[in-house]
file data.cif (mmCIF, C-alpha atoms)
data_model
#
loop_
_atom_site.label_atom_id
_atom_site.label_comp_id
_atom_site.auth_asym_id
_atom_site.auth_seq_id
_atom_site.Cartn_x
_atom_site.Cartn_y
_atom_site.Cartn_z
CA MET A 1 134.17 -28.26 -147.06
CA ARG A 2 135.12 -31.56 -148.68
CA THR A 3 137.67 -33.85 -147.10
CA CYS A 4 139.58 -36.79 -148.49
CA SER A 5 142.64 -38.88 -147.76
CA TYR A 6 146.02 -37.34 -148.56
CA ARG A 7 147.56 -40.80 -148.24
CA ASN A 8 145.22 -42.44 -150.78
CA LEU A 9 145.56 -39.71 -153.40
CA ARG A 10 149.21 -38.79 -153.06
CA THR A 11 150.42 -40.96 -155.94
CA LEU A 12 148.10 -39.40 -158.53
CA PHE A 13 149.77 -36.06 -159.12
CA VAL A 14 153.45 -36.32 -158.20
CA ALA A 15 154.74 -36.54 -161.75
CA ALA A 16 153.10 -33.24 -162.57
CA GLY A 17 154.48 -31.65 -159.40
CA SER A 18 150.97 -30.64 -158.32
CA LEU A 19 150.09 -32.95 -155.44
CA CYS A 20 149.61 -30.43 -152.65
CA ALA A 21 148.02 -27.77 -154.85
CA VAL A 22 145.43 -30.22 -156.20
CA LEU A 23 144.65 -31.58 -152.78
CA ALA A 24 144.36 -28.09 -151.35
CA SER A 25 141.64 -27.19 -153.82
CA ALA A 26 139.90 -30.54 -153.95
CA CYS A 27 140.09 -31.66 -150.35
CA GLY A 28 140.37 -28.55 -148.25
CA ASP A 29 143.91 -29.37 -147.13
CA PRO A 30 146.47 -26.54 -146.87
CA ALA A 31 148.69 -25.94 -149.87
CA PRO A 32 152.44 -26.09 -149.36
CA PRO A 33 154.37 -23.24 -147.75
CA ALA A 34 155.46 -20.10 -149.50
CA GLY A 35 158.91 -19.94 -151.00
CA GLY A 36 161.07 -18.97 -153.92
CA GLY A 37 162.10 -15.42 -153.08
CA THR A 38 162.68 -12.75 -150.48
CA THR A 39 160.82 -9.70 -149.28
CA THR A 40 161.86 -6.15 -149.93
CA ALA A 41 160.00 -4.80 -146.88
CA THR A 42 158.74 -1.77 -148.76
CA ASP A 43 155.12 -2.39 -149.77
CA ALA A 44 152.80 -2.21 -146.80
CA SER A 45 149.75 -3.24 -148.84
CA THR A 46 150.82 -6.86 -149.13
CA ALA A 47 151.72 -7.07 -145.45
CA ASP A 48 148.09 -6.26 -144.70
CA ALA A 49 146.75 -9.06 -146.89
CA PRO A 50 144.87 -11.55 -144.72
CA ALA A 51 146.28 -15.05 -144.32
CA ASP A 52 144.06 -17.27 -146.43
CA GLY A 53 145.44 -20.59 -145.28
CA SER A 54 146.77 -21.45 -148.71
CA GLY A 55 150.35 -20.82 -147.69
CA ARG A 56 150.68 -18.68 -150.83
CA THR A 57 151.64 -15.07 -151.24
CA GLY A 58 152.27 -15.16 -154.98
CA GLY A 59 151.57 -17.40 -157.96
CA GLY A 60 152.77 -20.81 -159.08
CA ALA A 61 154.05 -23.71 -156.99
CA ASP A 62 156.19 -26.82 -157.18
CA SER A 63 154.44 -28.75 -154.47
CA ALA A 64 156.15 -32.05 -155.19
CA THR A 65 159.29 -30.63 -153.66
CA GLY A 66 157.60 -28.63 -150.93
CA THR A 67 158.32 -25.27 -152.52
CA ALA A 68 155.83 -22.64 -153.52
CA ASP A 69 155.65 -18.97 -154.24
CA THR A 70 157.82 -15.93 -153.79
CA ILE A 71 156.91 -13.85 -150.77
CA LEU A 72 155.62 -10.54 -152.00
CA ALA A 73 157.13 -7.39 -150.58
CA GLY A 74 155.97 -6.69 -147.06
CA GLY A 75 155.61 -3.58 -144.97
CA PRO A 76 158.33 -1.87 -142.98
CA VAL A 77 159.36 -3.17 -139.58
CA GLU A 78 160.81 -1.68 -136.41
CA THR A 79 163.44 -3.42 -134.30
CA ASP A 80 163.95 -2.83 -130.59
CA GLU A 81 166.41 -4.26 -128.13
CA LEU A 82 164.94 -7.26 -126.31
CA LYS A 83 165.64 -5.95 -122.79
CA VAL A 84 164.77 -9.12 -120.88
CA ALA A 85 166.60 -10.21 -117.75
CA ILE A 86 165.82 -13.53 -116.11
CA THR A 87 166.47 -14.60 -112.53
CA VAL A 88 167.36 -18.22 -111.82
CA LEU A 89 168.38 -19.39 -108.34
CA GLY A 90 169.14 -15.80 -107.37
CA ASP A 91 171.33 -15.20 -110.43
CA GLN A 92 170.20 -12.49 -112.85
CA ALA A 93 171.07 -12.85 -116.53
CA LEU A 94 170.48 -10.38 -119.36
CA LEU A 95 169.36 -11.91 -122.65
CA LYS A 96 170.59 -10.46 -125.94
CA GLY A 97 168.24 -10.15 -128.88
CA VAL A 98 165.65 -8.01 -130.63
CA VAL A 99 161.91 -7.64 -130.98
CA ILE A 100 160.75 -7.15 -134.56
CA LYS A 101 157.49 -5.23 -134.86
CA PRO A 102 155.75 -4.62 -138.20
CA ALA A 103 154.98 -0.92 -138.47
CA ALA A 104 151.38 -1.77 -139.32
CA CYS A 105 150.81 -3.34 -135.88
CA SER A 106 149.21 -1.17 -133.23
CA GLU A 107 146.86 -1.29 -130.28
CA THR A 108 143.93 -0.99 -132.69
CA SER A 109 145.43 -3.39 -135.25
CA LYS A 110 147.02 -6.14 -133.20
CA CYS A 111 149.36 -8.72 -134.69
CA PRO A 112 150.32 -12.33 -133.93
CA PHE A 113 153.62 -12.86 -132.10
CA ILE A 114 156.25 -15.60 -132.31
CA VAL A 115 159.27 -16.25 -130.07
CA VAL A 116 162.16 -17.76 -132.05
CA VAL A 117 164.51 -20.13 -130.18
CA GLY A 118 167.64 -21.27 -131.99
CA ASP A 119 169.96 -24.27 -132.19
CA TYR A 120 172.75 -24.76 -129.66
CA ASP A 121 175.55 -23.67 -131.99
CA HIS A 122 173.70 -20.82 -133.72
CA SER A 123 173.94 -17.15 -132.85
CA ALA A 124 170.22 -16.67 -133.42
CA PHE A 125 170.84 -13.01 -132.72
CA PRO A 126 172.02 -11.58 -135.06
CA ASP A 127 172.15 -14.40 -137.65
CA TYR A 128 168.40 -15.02 -137.91
CA VAL A 129 167.44 -11.34 -137.84
CA PRO A 130 167.66 -10.31 -141.53
CA GLY A 131 165.39 -13.14 -142.67
CA ALA A 132 163.12 -12.75 -139.64
CA LYS A 133 162.58 -9.07 -140.46
CA GLN A 134 161.48 -9.95 -143.97
CA LEU A 135 159.09 -12.61 -142.70
CA ALA A 136 157.64 -10.19 -140.13
CA GLY A 137 157.06 -7.49 -142.71
CA ALA A 138 155.53 -9.85 -145.26
CA LEU A 139 153.11 -11.61 -142.91
CA LYS A 140 152.52 -8.82 -140.37
CA VAL A 141 153.73 -11.00 -137.50
CA GLY A 142 155.85 -9.81 -134.60
CA LEU A 143 158.96 -11.81 -133.70
CA ALA A 144 161.37 -12.01 -130.78
CA VAL A 145 164.79 -13.34 -131.78
CA PHE A 146 167.30 -13.89 -128.99
CA ASN A 147 170.13 -16.06 -127.73
CA LEU A 148 169.50 -18.49 -124.91
CA PRO A 149 171.59 -18.00 -121.75
CA GLY A 150 175.27 -18.66 -122.40
CA LEU A 151 174.77 -18.74 -126.19
CA GLY A 152 175.75 -16.24 -128.87
CA ALA A 153 179.06 -14.58 -129.67
CA GLY A 154 180.79 -11.35 -128.73
CA SER A 155 178.49 -8.55 -127.68
CA GLY A 156 175.50 -10.69 -128.70
CA LYS A 157 176.19 -13.40 -126.12
CA SER A 158 173.45 -13.74 -123.52
CA GLU A 159 174.37 -13.85 -119.86
CA GLY A 160 173.66 -16.85 -117.66
CA GLU A 161 174.39 -20.54 -117.76
CA ASP A 162 174.16 -22.61 -120.91
CA ASP A 163 172.46 -25.52 -119.19
CA VAL A 164 171.29 -27.24 -122.38
CA GLY A 165 167.56 -26.80 -121.96
CA GLY A 166 167.63 -26.72 -118.15
CA LYS A 167 166.30 -24.12 -115.72
CA TYR A 168 168.10 -21.15 -117.30
CA HIS A 169 166.95 -21.95 -120.81
CA GLN A 170 163.41 -22.75 -119.75
CA ALA A 171 163.16 -19.52 -117.76
CA ALA A 172 164.39 -17.61 -120.81
CA VAL A 173 161.81 -18.94 -123.25
CA LYS A 174 159.06 -18.49 -120.65
CA ASP A 175 159.96 -14.93 -119.68
CA VAL A 176 160.57 -13.66 -123.22
CA MET A 177 157.09 -14.80 -124.20
CA HIS A 178 155.51 -13.52 -120.98
CA LEU A 179 157.06 -10.05 -121.18
CA LYS A 180 157.00 -9.41 -124.92
CA ALA A 181 153.59 -10.90 -125.72
CA ALA A 182 152.16 -8.38 -123.23
CA ALA A 183 152.86 -5.50 -125.64
CA LYS A 184 149.71 -3.57 -126.56
CA TRP A 185 150.20 -4.29 -130.27
CA VAL A 186 150.30 -8.09 -129.77
CA ASP A 187 147.22 -10.26 -130.19
CA GLY A 188 147.63 -12.40 -127.07
CA ASN A 189 145.38 -15.09 -128.51
CA ARG A 190 147.67 -15.67 -131.50
CA ILE A 191 151.08 -16.38 -130.02
CA GLY A 192 153.48 -19.27 -130.55
CA TYR A 193 157.05 -20.53 -130.69
CA LEU A 194 159.38 -21.33 -133.56
CA THR A 195 162.29 -23.61 -132.66
CA ILE A 196 165.30 -24.58 -134.73
CA GLY A 197 167.19 -27.75 -133.78
CA THR A 198 167.85 -28.05 -130.05
CA GLY A 199 165.69 -25.01 -129.31
CA LEU A 200 162.95 -27.63 -129.12
CA ILE A 201 164.36 -28.94 -125.81
CA SER A 202 163.79 -25.82 -123.72
CA VAL A 203 160.52 -24.81 -125.35
CA THR A 204 158.72 -28.14 -125.00
CA LYS A 205 159.83 -28.48 -121.38
CA ALA A 206 158.84 -24.89 -120.55
CA LEU A 207 155.42 -25.41 -122.10
CA LYS A 208 154.97 -28.59 -120.08
CA THR A 209 156.19 -27.03 -116.81
CA PHE A 210 154.70 -23.53 -117.11
CA GLY A 211 151.83 -24.24 -119.48
CA THR A 212 149.19 -23.10 -116.98
CA THR A 213 150.75 -19.69 -116.34
CA SER A 214 148.92 -16.58 -117.51
CA THR A 215 150.80 -16.24 -120.80
CA LEU A 216 151.95 -19.73 -121.76
CA LYS A 217 148.45 -21.12 -121.38
CA ASN A 218 147.59 -18.95 -124.41
CA VAL A 219 150.35 -20.35 -126.64
CA LYS A 220 148.56 -21.67 -129.70
CA PHE A 221 151.30 -23.33 -131.76
CA LEU A 222 154.83 -24.61 -132.05
CA ILE A 223 156.74 -24.79 -135.34
CA ASP A 224 159.67 -27.20 -134.95
CA VAL A 225 162.51 -27.21 -137.49
CA GLU A 226 164.35 -30.54 -137.17
CA GLY A 227 164.50 -30.69 -133.39
CA PRO A 228 165.97 -33.81 -131.70
CA VAL A 229 163.38 -35.55 -129.55
CA ASP A 230 165.23 -37.77 -127.05
CA ARG A 231 168.62 -38.25 -125.40
CA CYS A 232 169.85 -40.45 -128.23
CA SER A 233 169.03 -38.05 -131.07
CA ILE A 234 170.31 -35.12 -129.01
CA SER A 235 173.69 -36.80 -128.39
CA GLN A 236 174.00 -38.41 -131.83
CA ALA A 237 177.26 -37.76 -133.70
CA PRO A 238 179.26 -39.21 -136.63
CA MET A 239 181.78 -41.78 -135.47
CA ASP A 240 185.16 -40.28 -134.56
CA GLU A 241 187.17 -42.64 -132.40
CA ALA A 242 189.91 -40.05 -131.88
CA ALA A 243 187.28 -37.85 -130.20
CA ASN A 244 185.88 -40.75 -128.13
CA ILE A 245 182.81 -41.09 -130.34
CA GLY A 246 182.45 -44.79 -131.12
CA PRO A 247 183.01 -47.38 -132.31
CA ALA A 248 180.07 -48.42 -130.07
CA ASP A 249 177.25 -46.42 -128.54
CA GLY A 250 177.85 -45.00 -125.08
CA PRO A 251 176.22 -46.01 -121.78
CA GLY A 252 172.47 -45.52 -121.58
CA ALA A 253 171.69 -46.19 -125.24
CA THR A 254 168.86 -48.58 -124.47
CA ASP A 255 165.85 -49.62 -126.50
CA SER A 256 163.58 -47.49 -124.31
CA SER A 257 165.75 -44.35 -124.14
CA CYS A 258 166.37 -44.41 -127.90
CA HIS A 259 162.87 -45.61 -128.82
CA PHE A 260 164.23 -48.54 -130.77
CA SER A 261 161.49 -50.86 -131.95
CA SER A 262 161.20 -53.66 -134.44
CA SER A 263 157.67 -52.51 -135.27
CA GLY A 264 157.38 -49.80 -137.88
CA GLY A 265 161.03 -50.12 -138.86
CA GLY A 266 162.41 -48.12 -135.94
CA THR A 267 165.41 -50.37 -135.46
CA HIS A 268 168.84 -49.22 -134.36
CA ALA A 269 170.20 -49.81 -137.87
CA ASN A 270 167.46 -47.70 -139.46
CA MET A 271 167.56 -44.85 -136.96
CA TYR A 272 171.34 -44.65 -136.45
CA PRO A 273 172.86 -46.69 -139.26
CA PRO A 274 176.39 -48.09 -139.54
CA LYS A 275 178.89 -46.71 -142.03
CA THR A 276 177.49 -46.90 -145.56
CA GLY A 277 179.66 -45.84 -148.49
CA ASN A 278 181.00 -42.38 -147.68
CA LYS A 279 178.52 -41.84 -144.86
CA PRO A 280 180.07 -42.31 -141.40
CA ALA A 281 178.54 -44.54 -138.77
CA SER A 282 176.02 -42.83 -136.50
CA ILE A 283 176.86 -43.13 -132.78
CA VAL A 284 174.62 -42.17 -129.85
CA CYS A 285 175.39 -41.38 -126.22
CA ALA A 286 179.16 -41.32 -126.81
CA PRO A 287 181.27 -39.75 -124.01
CA GLY A 288 182.96 -37.53 -126.60
CA ALA A 289 179.77 -36.11 -128.11
CA TRP A 290 177.82 -32.95 -127.27
CA PRO A 291 176.20 -32.34 -124.80
CA ILE A 292 177.85 -35.10 -122.77
CA THR A 293 181.28 -33.49 -123.19
CA LYS A 294 179.86 -30.19 -121.91
CA THR A 295 177.78 -31.46 -118.99
CA GLY A 296 179.25 -34.84 -118.06
CA ALA A 297 175.71 -36.23 -118.03
CA GLY A 298 175.73 -39.51 -119.96
CA CYS A 299 172.60 -41.06 -121.37
CA ASN A 300 172.39 -43.23 -118.23
CA ASP A 301 171.84 -40.11 -116.07
CA ASN A 302 168.07 -40.32 -116.02
CA SER A 303 167.51 -37.41 -113.63
CA TRP A 304 169.41 -34.99 -115.89
CA TRP A 305 167.75 -36.14 -119.10
CA SER A 306 164.24 -36.22 -117.64
CA GLU A 307 164.43 -32.41 -117.58
CA ARG A 308 165.33 -32.33 -121.27
CA ASP A 309 163.15 -34.87 -123.05
CA PRO A 310 161.07 -33.35 -125.86
CA TYR A 311 159.36 -36.68 -126.60
CA THR A 312 157.77 -36.85 -123.16
CA ALA A 313 156.90 -33.14 -123.19
CA LEU A 314 155.28 -33.39 -126.62
CA LYS A 315 152.97 -36.10 -125.32
CA SER A 316 151.30 -33.44 -123.17
CA ALA A 317 151.06 -30.83 -125.94
CA ASN A 318 147.76 -28.95 -126.07
CA TYR A 319 148.91 -26.63 -128.88
CA ARG A 320 149.05 -26.94 -132.66
CA TYR A 321 152.30 -28.44 -133.90
CA GLN A 322 154.08 -28.25 -137.24
CA ARG A 323 157.27 -30.24 -137.90
CA ILE A 324 159.60 -29.19 -140.70
CA GLN A 325 162.00 -31.77 -142.08
CA PHE A 326 164.38 -31.26 -145.02
CA LYS A 327 165.69 -33.97 -147.32
CA HIS A 328 169.02 -33.82 -145.48
CA ASP A 329 168.63 -33.41 -141.72
CA HIS A 330 171.16 -30.92 -140.38
CA ARG A 331 172.34 -33.37 -137.69
CA LEU A 332 170.78 -36.81 -138.00
CA PRO A 333 171.22 -39.66 -140.49
CA SER A 334 167.51 -40.53 -140.77
CA TYR A 335 164.01 -39.09 -140.47
CA TRP A 336 163.14 -40.94 -137.28
CA ALA A 337 163.20 -37.91 -135.01
CA SER A 338 160.37 -36.45 -137.10
CA ARG A 339 158.43 -39.70 -136.92
CA LEU A 340 158.89 -39.94 -133.17
CA ALA A 341 157.71 -36.36 -132.75
CA ILE A 342 154.51 -37.15 -134.63
CA GLN A 343 154.13 -40.35 -132.62
CA ALA A 344 154.33 -38.31 -129.40
CA LEU A 345 151.79 -35.78 -130.65
CA ALA A 346 149.41 -38.59 -131.57
CA SER A 347 149.31 -39.45 -127.85
CA SER A 348 148.82 -35.82 -126.80
CA PRO A 349 145.73 -33.62 -126.36
CA SER A 350 146.79 -31.59 -129.43
CA LYS A 351 144.01 -31.02 -131.94
CA TYR A 352 146.34 -30.39 -134.88
CA PHE A 353 149.78 -31.73 -135.75
CA GLN A 354 151.52 -32.20 -139.06
CA LEU A 355 154.85 -33.28 -140.56
CA ASN A 356 155.77 -31.16 -143.59
CA ASN A 357 152.79 -31.44 -145.96
CA MET A 358 151.67 -34.92 -144.96
CA GLU A 359 148.16 -35.57 -143.76
CA PRO A 360 147.29 -33.52 -140.63
CA CYS A 361 146.84 -35.70 -137.54
CA GLY A 362 148.05 -38.67 -139.58
CA ALA A 363 150.91 -41.07 -139.02
CA ALA A 364 154.30 -40.11 -140.46
CA TRP A 365 155.02 -42.03 -143.63
CA SER A 366 157.60 -44.81 -143.71
CA ASP A 367 160.62 -44.78 -146.03
CA ALA A 368 158.79 -47.21 -148.31
CA GLU A 369 155.72 -44.96 -148.50
CA CYS A 370 157.94 -41.95 -149.19
CA GLU A 371 159.76 -43.62 -152.08
CA GLY A 372 159.26 -41.26 -155.02
CA GLN A 373 156.88 -39.07 -153.00
CA PRO A 374 157.22 -35.44 -151.84
CA CYS A 375 157.88 -36.25 -148.20
CA TRP A 376 160.98 -34.22 -147.34
CA LEU A 377 161.49 -30.57 -148.21
CA GLU A 378 163.77 -29.48 -151.03
CA GLY A 379 163.56 -26.83 -153.71
CA PRO A 380 165.24 -23.72 -155.10
CA TYR A 381 166.02 -22.70 -151.51
CA GLY A 382 168.10 -25.88 -150.98
CA ASN A 383 167.61 -29.29 -149.38
CA GLY A 384 169.11 -29.02 -145.90
CA MET A 385 170.81 -26.86 -143.30
CA VAL A 386 174.46 -27.28 -142.39
CA PRO A 387 176.36 -29.22 -141.23
CA ALA A 388 174.30 -32.20 -142.55
CA PRO A 389 177.13 -34.72 -141.98
CA TYR A 390 175.25 -37.58 -143.67
CA SER A 391 174.36 -35.84 -146.93
CA ASP A 392 177.29 -37.51 -148.74
CA GLY A 393 178.01 -34.48 -150.90
CA GLY A 394 174.35 -33.98 -151.82
CA LEU A 395 173.70 -30.96 -149.61
CA VAL A 396 172.38 -27.78 -151.21
CA LYS A 397 172.55 -25.40 -148.27
CA VAL A 398 169.42 -23.74 -146.93
CA THR A 399 170.62 -20.42 -145.53
CA PHE A 400 168.98 -18.73 -142.55
CA ASP A 401 167.58 -16.07 -144.87
CA ALA A 402 166.11 -18.73 -147.17
CA LEU A 403 164.64 -20.57 -144.20
CA PHE A 404 162.79 -17.48 -142.98
CA THR A 405 161.75 -16.09 -146.36
CA GLN A 406 161.21 -19.14 -148.57
CA VAL A 407 160.30 -22.02 -146.25
CA LEU A 408 158.70 -20.80 -143.03
CA PRO A 409 156.05 -18.27 -144.20
CA GLY A 410 153.50 -20.81 -145.42
CA TYR A 411 153.82 -22.85 -142.25
CA VAL A 412 153.38 -19.74 -140.11
CA LYS A 413 150.19 -18.96 -142.03
CA ARG A 414 149.05 -22.56 -141.60
CA MET A 415 149.39 -22.30 -137.82
CA LEU A 416 147.66 -18.92 -137.66
CA ASP A 417 144.75 -19.56 -139.98
CA THR A 418 142.64 -21.98 -137.97
CA GLU A 419 139.63 -21.49 -140.23
CA ALA A 420 141.34 -22.78 -143.35
CA ASN A 421 143.32 -25.33 -141.34
CA LYS A 422 140.78 -26.56 -138.83
CA ASP A 423 141.46 -28.94 -135.96
CA CYS A 424 141.82 -32.43 -137.37
CA ARG A 425 140.67 -34.34 -134.32
#
call {"tool": "encode", "arguments": {"input": "data.cif", "output": "structure tokens"}}
result
Amino acid sequence: MRTCSYRNLRTLFVAAGSLCAVLASACGDPAPPAGGGTTTATDASTADAPADGSGRTGGGADSATGTADTILAGGPVETDELKVAITVLGDQALLKGVVIKPAACSETSKCPFIVVVGDYDHSAFPDYVPGAKQLAGALKVGLAVFNLPGLGAGSGKSEGEDDVGGKYHQAAVKDVMHLKAAAKWVDGNRIGYLTIGTGLISVTKALKTFGTTSTLKNVKFLIDVEGPVDRCSISQAPMDEAANIGPADGPGATDSSCHFSSSGGGTHANMYPPKTGNKPASIVCAPGAWPITKTGAGCNDNSWWSERDPYTALKSANYRYQRIQFKHDHRLPSYWASRLAIQALASSPSKYFQLNNMEPCGAAWSDAECEGQPCWLEGPYGNGMVPAPYSDGGLVKVTFDALFTQVLPGYVKRMLDTEANKDCR
């Protein structure tokens, strides 16, 4: 298989919208992820099609914007109640969610399995479920979709303490994987996590803490959709002096805790810029911002934050990692969380990590390198998830259904097909 530099060739094909497709065929790199439509979950024949690593399930692609093909109709799926109760410090808590099993999966035809962990203000169950069912049927992949302890709404709210990625949340992501990946129809050697937003906090810490346990040691990949990576990106919020957010950063917003650096452009002004035009100033560690308002733990509370630091946990990653970043981040004013995540992975034992469709195991591109290039995802499915407070009216909303049916499938295939997407170091 031929190899060549994505970075050196990326300028050649952008105008034609064919960068990733050309590189996939000429250099052996994966083509961009599938997108452009939804499944009907009626045709089992396409669900059985093997993942070929191309990220495609149809024809035609607009790789310059990170979009690709319509997902063809997948097979039928079955949904069962999650039925997982965790015990933390003597307190038992029942988690609410579902397990989605493609009907084609069985003990003699095992399927990969992914645990989906949502953002802090999402009701992952039931909001993610319609799209997740279509993805499961199309790719023949089992999924567990649930609400972390204390999260969700109404009858879908999980029991237990919402401790923002602490012991309750870590126990939940560990036990859901341990119990549900043990099903006879699951291929225990092809399991992974998908996190959206702050779901990254609990998953990375659980993998670091429990990574040698019987099940988590077999976790092969993590797909991260715009997760914050440190206390500053987690607590970041648009300035609102009436809510005690600004005008200055809160206590604990230091160069080390926020990963500010003059090298590589990671300055405070670039990562969390001041007010520009209609875009509000970006404030970190403010006493009035989540999760500080909820927990009382400011950014200067090192013992609390050390339990919830994805950057540190990612530096010990021994799994494949895929970061997904839209043109408009759903929380942050810049792309620096993505760059810091890749920086952490570069220091880890991981054999494969990638930001969007950039070069695997390569450095994340700077703003200057991305000028006019297909760095950040946008397409017919939209260009960012809500609330995207810094989009300045430019947001085209990516719905949960579009995320699961038009964006994620190609990346799931990329993580699963290790022959087409071999270790890059």
call {"tool": "closest_residue", "arguments": {"input": "data.cif", "among": "A:Ala289, A:Leu222, A:Ala248, A:Val229", "to": "Arg320 in chain A", "atoms": "all atoms listed in the file"}}
result
A:Leu222
call {"tool": "atom_distance", "arguments": {"input": "data.cif", "atom1": "CA of Asp423 in chain A", "atom2": "CA of Gln343 in chain A"}}
result
17.4 Å
call {"tool": "closest_residue", "arguments": {"input": "data.cif", "among": "A:Thr79, A:Gln354, A:Ser262, A:Ser303", "to": "Gln134 in chain A", "atoms": "all atoms listed in the file"}}
result
A:Thr79
call {"tool": "resolve_selection", "arguments": {"input": "data.cif", "expression": "the PyMOL selection byres ((chain A and resi 238) around 9)", "output": "JSON, numbers by chain"}}
result
{"A": [236, 237, 239, 240, 245, 246, 279, 280, 281, 282, 283, 284, 332, 333, 389, 390]}
call {"tool": "write_last_selection", "arguments": {"input": "data.cif", "atoms": "C-alpha atoms", "output": "PDB file, in the coordinates of the input"}}
result
ATOM      1  CA  GLN A 236     174.000 -38.410-131.830  1.00  0.00           C
ATOM      2  CA  ALA A 237     177.260 -37.760-133.700  1.00  0.00           C
ATOM      3  CA  MET A 239     181.780 -41.780-135.470  1.00  0.00           C
ATOM      4  CA  ASP A 240     185.160 -40.280-134.560  1.00  0.00           C
ATOM      5  CA  ILE A 245     182.810 -41.090-130.340  1.00  0.00           C
ATOM      6  CA  GLY A 246     182.450 -44.790-131.120  1.00  0.00           C
ATOM      7  CA  LYS A 279     178.520 -41.840-144.860  1.00  0.00           C
ATOM      8  CA  PRO A 280     180.070 -42.310-141.400  1.00  0.00           C
ATOM      9  CA  ALA A 281     178.540 -44.540-138.770  1.00  0.00           C
ATOM     10  CA  SER A 282     176.020 -42.830-136.500  1.00  0.00           C
ATOM     11  CA  ILE A 283     176.860 -43.130-132.780  1.00  0.00           C
ATOM     12  CA  VAL A 284     174.620 -42.170-129.850  1.00  0.00           C
ATOM     13  CA  LEU A 332     170.780 -36.810-138.000  1.00  0.00           C
ATOM     14  CA  PRO A 333     171.220 -39.660-140.490  1.00  0.00           C
ATOM     15  CA  PRO A 389     177.130 -34.720-141.980  1.00  0.00           C
ATOM     16  CA  TYR A 390     175.250 -37.580-143.670  1.00  0.00           C
TER      17      TYR A 390
END
call {"tool": "closest_residue", "arguments": {"input": "data.cif", "among": "A:Tyr411, A:Phe326, A:Trp376, A:Trp185", "to": "Ala104 in chain A", "atoms": "all atoms listed in the file"}}
result
A:Trp185
call {"tool": "build_atoms", "arguments": {"input": "data.cif", "residues": "range 187-198 of chain A", "atoms": "N, CA and C atoms", "output": "short mmCIF file (atom, residue, chain, number, x, y, z; two decimals), in the coordinates of the input"}}
result
data_model
loop_
_atom_site.label_atom_id
_atom_site.label_comp_id
_atom_site.auth_asym_id
_atom_site.auth_seq_id
_atom_site.Cartn_x
_atom_site.Cartn_y
_atom_site.Cartn_z
N ASP A 187 148.45 -9.51 -130.40
CA ASP A 187 147.22 -10.26 -130.19
C ASP A 187 147.57 -11.46 -129.31
N GLY A 188 147.24 -11.37 -128.03
CA GLY A 188 147.63 -12.40 -127.07
C GLY A 188 146.98 -13.74 -127.29
N ASN A 189 146.02 -13.81 -128.19
CA ASN A 189 145.38 -15.09 -128.51
C ASN A 189 145.97 -15.73 -129.76
N ARG A 190 147.03 -15.12 -130.30
CA ARG A 190 147.67 -15.67 -131.50
C ARG A 190 149.19 -15.63 -131.31
N ILE A 191 149.66 -16.36 -130.34
CA ILE A 191 151.08 -16.38 -130.02
C ILE A 191 151.61 -17.81 -130.11
N GLY A 192 152.90 -17.94 -130.43
CA GLY A 192 153.48 -19.27 -130.55
C GLY A 192 155.00 -19.22 -130.56
N TYR A 193 155.59 -20.39 -130.66
CA TYR A 193 157.05 -20.53 -130.69
C TYR A 193 157.49 -21.12 -132.03
N LEU A 194 158.68 -20.72 -132.44
CA LEU A 194 159.38 -21.33 -133.56
C LEU A 194 160.73 -21.79 -133.04
N THR A 195 161.01 -23.09 -133.13
CA THR A 195 162.29 -23.61 -132.66
C THR A 195 163.08 -24.17 -133.83
N ILE A 196 164.39 -24.02 -133.74
CA ILE A 196 165.30 -24.58 -134.73
C ILE A 196 166.26 -25.51 -133.99
N GLY A 197 166.31 -26.78 -134.41
CA GLY A 197 167.19 -27.75 -133.78
C GLY A 197 166.91 -27.92 -132.31
N THR A 198 167.96 -27.78 -131.48
CA THR A 198 167.85 -28.05 -130.05
C THR A 198 167.04 -27.00 -129.30
#
